[in-house]
Amino acid sequence: MIKNFILLYILLLLFSGCQVTPKKDIYGKTLIDELKLLKGKGILFGHQDDLAYGVGWEYLEGESDVMRVAGDFPAMFGWELGGLELEHEVNLDGVPFQKMDELAVWACEQGGINTFSWHPFSPIDSVNSWHGDSVVVKHILPGGAYHEQFNHQLNQVAAFLSNLKDQNRKPVPFIFRPWHEMDGDWFWWGAKACTPDEYKTLFRYTIDYLRGKGLSEMIVAYSPDCTFSSEEEYLLWYPGDDIVDILGMDNYYDLKQPDGENRAIRKLHVLIEIAKTKNKLAALTETGLELVPDSNWYTQTLGAVLNDSLVKQNLSYVMVWRNDSEKHFYFPYPGHWAAADAKDLLSQPGILLLNEFNQIKK
Ligand code: BMA
């Protein structure tokens, strides 16, 4: 009898040893709830393509320029989908989609949040996104001559995003941030090439279509560039409360001007006030200073923005752009003159890297 119990006990031990136990249940709440609970406790720091490559390295497990400089991973991980719609195996910046999937799942399993941008090639003639004069949008909307080609693109995006599953086959929650910087004139979905109504229809159609494919873990960010100064201007392209969860802003321009931080703060105040009324989240969805020539930019400029009291209380995250090479990077790498300053900013109590984010969630 005793022998049987011992045998059973050993079997149980062996069996439970084979189970893959997630570090913690990170999906207890939806991503929106998680971000709402965080409000006022800290601003998540994010970096585009952080786990894929940095200055002088690529695809090294456990590497990250943020980790190299600041001693921890970012709390938010940005990824880019451009190229997926043409069924390419690598995105427009050379990141293999298979790798992106693995790294995004890993990031989520560590407690981080993933956000996906999309610079699609045109469904009409496959020119890249940076064709601000190309009239594409009205031709890909329902009824347009290239609508089916657009649906085909969306199918590729839906397939990739719905395949993001953790080791327990649970869908990975994520932020999708399509059709960004529409108030600028550089993209084919921008101010020069479509009307606000066409734009809103495009945005609504995209999200409805993807939700129709069952992407229940997706939340959506709206992110104009920084040309607005009033609520009306900010909302000119806004596709609707039923579509958007995060009110964002991309802002590189102001943060390279003298005294630009105050301009950026004023604009963040505009979207924060709207977010409060609409019960939405607010974020600085893209920023950075290319090559970081100003060795104090992180603490004195970005830091001044993030330490503004209204911003501090209401901003969910800030994300800086990618570290492609020594000629194109936004976060300093070890040995760079701005590295110590960036580390200083990221060590401040209200700016959260991955470990601090996980501590707060406990
Ligand atoms: C831009 C640059 C480009 C890149 C694009 C999409 O800001 O970094 O090199 O292709 O983003 O990621």
# chains A, B, ... in the order shown; residues from 1 in each chain; ligands from 1

call {"tool": "closest_atom_pairs", "arguments": {"of": "chain A", "to": "ligand 1", "cutoff": "6 Å", "atoms": "only C-alpha atoms and all ligand atoms", "output": "Markdown table"}}
result
| residue | atom | partner | partner_atom_place_in_ligand_line | distance |
| --- | --- | --- | --- | --- |
| A:Glu80 | CA | ligand 1 | 12 (O) | 5.7 |
| A:Leu92 | CA | ligand 1 | 10 (O) | 5.8 |
| A:Asp93 | CA | ligand 1 | 10 (O) | 5.2 |

call {"tool": "write_last_selection", "arguments": {"atoms": "C-alpha atoms", "output": "CSV table (one decimal), in the first residue's frame"}}
result
chain,number,residue,atom,x,y,z
A,80,GLU,CA,6.9,46.6,-37.8
A,92,LEU,CA,10.8,46.1,-44.8
A,93,ASP,CA,13.7,46.5,-42.3

call {"tool": "residues_around", "arguments": {"residues": "A:Asn296", "least_positions_apart": "3", "cutoff": "7 Å", "atoms": "only C-alpha atoms", "output": "list of chain:residue names"}}
result
A:Thr299, A:Gln300, A:Ala338, A:Asp341

call {"tool": "write_last_selection", "arguments": {"atoms": "N, CA and C atoms", "output": "PDB file, in the first residue's frame"}}
result
ATOM      1  N   THR A 299      17.496  62.976 -20.477  1.00  0.00           N
ATOM      2  CA  THR A 299      16.986  63.531 -19.207  1.00  0.00           C
ATOM      3  C   THR A 299      16.379  64.918 -19.384  1.00  0.00           C
ATOM      4  N   GLN A 300      17.038  65.760 -20.217  1.00  0.00           N
ATOM      5  CA  GLN A 300      16.612  67.164 -20.260  1.00  0.00           C
ATOM      6  C   GLN A 300      15.431  67.404 -21.186  1.00  0.00           C
ATOM      7  N   ALA A 338      25.659  59.584 -25.114  1.00  0.00           N
ATOM      8  CA  ALA A 338      24.384  59.821 -24.421  1.00  0.00           C
ATOM      9  C   ALA A 338      23.955  58.618 -23.570  1.00  0.00           C
ATOM     10  N   ASP A 341      23.312  59.267 -19.793  1.00  0.00           N
ATOM     11  CA  ASP A 341      22.130  60.113 -19.609  1.00  0.00           C
ATOM     12  C   ASP A 341      20.834  59.320 -19.845  1.00  0.00           C
TER      13      ASP A 341
END

call {"tool": "closest_residue", "arguments": {"among": "A:Thr30, A:Ser64, A:Asn128, A:Asn114", "to": "A:Asn323", "atoms": "only C-alpha atoms"}}
result
A:Ser64

call {"tool": "residues_around", "arguments": {"residues": "stretch 306-311 of chain A", "least_positions_apart": "5", "cutoff": "10 Å", "atoms": "only C-alpha atoms", "output": "PyMOL selection string"}}
result
chain A and resi 40+42-43+261-262+265-266+268-269+272-273+282-284+299-301+316-318+345+348+350-351

call {"tool": "write_last_selection", "arguments": {"atoms": "N, CA and C atoms", "output": "compact mmCIF listing (two decimals), in the first residue's frame"}}
result
# COMPACT_ATOMS: atom_id res chain seq x y z
N GLY A 40 -0.62 56.51 -13.71
CA GLY A 40 -0.16 57.28 -12.56
C GLY A 40 0.92 56.57 -11.77
N GLY A 42 3.44 54.87 -13.29
CA GLY A 42 4.69 54.90 -14.06
C GLY A 42 4.39 54.87 -15.54
N ILE A 43 5.38 55.29 -16.32
CA ILE A 43 5.25 55.31 -17.78
C ILE A 43 6.13 54.19 -18.33
N GLU A 261 10.28 70.88 -25.92
CA GLU A 261 9.60 70.03 -24.94
C GLU A 261 8.29 70.64 -24.48
N ASN A 262 8.26 71.99 -24.38
CA ASN A 262 7.01 72.62 -23.95
C ASN A 262 5.92 72.47 -25.00
N ILE A 265 4.70 68.98 -24.65
CA ILE A 265 3.86 68.84 -23.45
C ILE A 265 2.46 69.38 -23.72
N ARG A 266 2.40 70.57 -24.36
CA ARG A 266 1.08 71.15 -24.65
C ARG A 266 0.23 70.21 -25.50
N LEU A 268 0.58 66.92 -25.72
CA LEU A 268 0.18 65.75 -24.91
C LEU A 268 -0.99 66.11 -24.02
N HIS A 269 -0.99 67.35 -23.52
CA HIS A 269 -2.13 67.77 -22.69
C HIS A 269 -3.43 67.70 -23.48
N ILE A 272 -4.37 64.06 -23.73
CA ILE A 272 -4.67 63.51 -22.40
C ILE A 272 -6.07 63.96 -21.96
N GLU A 273 -6.39 65.22 -22.22
CA GLU A 273 -7.72 65.71 -21.82
C GLU A 273 -8.81 64.96 -22.60
N ALA A 282 -3.60 57.13 -23.00
CA ALA A 282 -2.80 58.13 -23.74
C ALA A 282 -1.35 57.66 -23.83
N ALA A 283 -0.71 57.91 -24.96
CA ALA A 283 0.68 57.46 -25.12
C ALA A 283 1.46 58.34 -26.09
N LEU A 284 2.77 58.39 -25.85
CA LEU A 284 3.68 59.02 -26.82
C LEU A 284 4.20 57.84 -27.65
N THR A 299 17.50 62.98 -20.48
CA THR A 299 16.99 63.53 -19.21
C THR A 299 16.38 64.92 -19.38
N GLN A 300 17.04 65.76 -20.22
CA GLN A 300 16.61 67.16 -20.26
C GLN A 300 15.43 67.40 -21.19
N THR A 301 15.33 66.65 -22.27
CA THR A 301 14.24 66.91 -23.21
C THR A 301 13.12 65.89 -23.03
N SER A 316 0.55 56.37 -20.60
CA SER A 316 0.79 54.93 -20.38
C SER A 316 2.19 54.51 -20.83
N TYR A 317 2.61 55.02 -21.97
CA TYR A 317 3.94 54.60 -22.43
C TYR A 317 4.55 55.61 -23.38
N VAL A 318 5.86 55.47 -23.53
CA VAL A 318 6.61 56.24 -24.53
C VAL A 318 7.47 55.22 -25.28
N LEU A 345 17.76 58.60 -17.12
CA LEU A 345 16.31 58.78 -17.28
C LEU A 345 15.59 57.47 -16.96
N GLN A 348 14.93 56.65 -13.34
CA GLN A 348 14.00 57.45 -12.53
C GLN A 348 12.78 56.62 -12.15
N GLY A 350 9.54 56.96 -11.99
CA GLY A 350 8.30 56.88 -12.78
C GLY A 350 8.45 56.31 -14.17
N ILE A 351 9.67 55.92 -14.55
CA ILE A 351 9.89 55.39 -15.91
C ILE A 351 10.15 53.89 -15.76

call {"tool": "closest_atom_pairs", "arguments": {"of": "stretch 193-216 of chain A", "to": "stretch 238-260 of chain A", "cutoff": "12 Å", "atoms": "only C-alpha atoms", "output": "Markdown table"}}
result
| residue | atom | partner | partner_atom | distance |
| --- | --- | --- | --- | --- |
| A:Pro196 | CA | A:Tyr238 | CA | 8.4 |
| A:Asp197 | CA | A:Pro239 | CA | 8.8 |
| A:Glu198 | CA | A:Pro239 | CA | 10.1 |
| A:Tyr199 | CA | A:Pro239 | CA | 7.9 |
| A:Lys200 | CA | A:Pro239 | CA | 4.6 |
| A:Thr201 | CA | A:Pro239 | CA | 7.3 |
| A:Leu202 | CA | A:Pro239 | CA | 8.7 |
| A:Phe203 | CA | A:Pro239 | CA | 6.3 |
| A:Arg204 | CA | A:Pro239 | CA | 6.1 |
| A:Tyr205 | CA | A:Pro239 | CA | 9.7 |
| A:Thr206 | CA | A:Ile243 | CA | 9.8 |
| A:Ile207 | CA | A:Ile243 | CA | 6.8 |
| A:Asp208 | CA | A:Ile243 | CA | 8.0 |
| A:Tyr209 | CA | A:Ile243 | CA | 11.4 |
| A:Leu210 | CA | A:Ile243 | CA | 11.3 |
| A:Arg211 | CA | A:Ile243 | CA | 10.0 |

call {"tool": "write_last_selection", "arguments": {"atoms": "C-alpha atoms", "output": "short mmCIF file (atom, residue, chain, number, x, y, z; two decimals), in the first residue's frame"}}
result
data_model
loop_
_atom_site.label_atom_id
_atom_site.label_comp_id
_atom_site.auth_asym_id
_atom_site.auth_seq_id
_atom_site.Cartn_x
_atom_site.Cartn_y
_atom_site.Cartn_z
CA PRO A 196 -10.52 62.79 -43.36
CA ASP A 197 -13.68 60.85 -44.26
CA GLU A 198 -11.81 58.44 -46.52
CA TYR A 199 -9.18 58.04 -43.83
CA LYS A 200 -11.74 57.28 -41.14
CA THR A 201 -13.43 54.74 -43.39
CA LEU A 202 -10.06 53.11 -44.05
CA PHE A 203 -9.23 52.90 -40.35
CA ARG A 204 -12.67 51.62 -39.37
CA TYR A 205 -12.71 49.09 -42.17
CA THR A 206 -9.25 47.80 -41.20
CA ILE A 207 -10.13 47.26 -37.56
CA ASP A 208 -13.60 45.82 -38.23
CA TYR A 209 -12.08 43.43 -40.74
CA LEU A 210 -9.35 42.26 -38.35
CA ARG A 211 -11.77 41.95 -35.45
#

call {"tool": "select_by_dssp", "arguments": {"residues": "stretch 38-120 of chain A", "states": "strand (DSSP E or B)", "output": "list in words"}}
result
Ile43, Leu44, Phe45, Gly46, His47, Gln48, Tyr53, Gly54, Trp57, Glu58, Pro74, Met76, Phe77, Gly78, Trp79, Glu80, Val90, Pro96, Ile113, Asn114, Thr115, Phe116 and Ser117 of chain A

call {"tool": "atom_distance", "arguments": {"atom1": "atom CA of A:Lys267", "atom2": "atom CA of A:Asp225"}}
result
10.3 Å
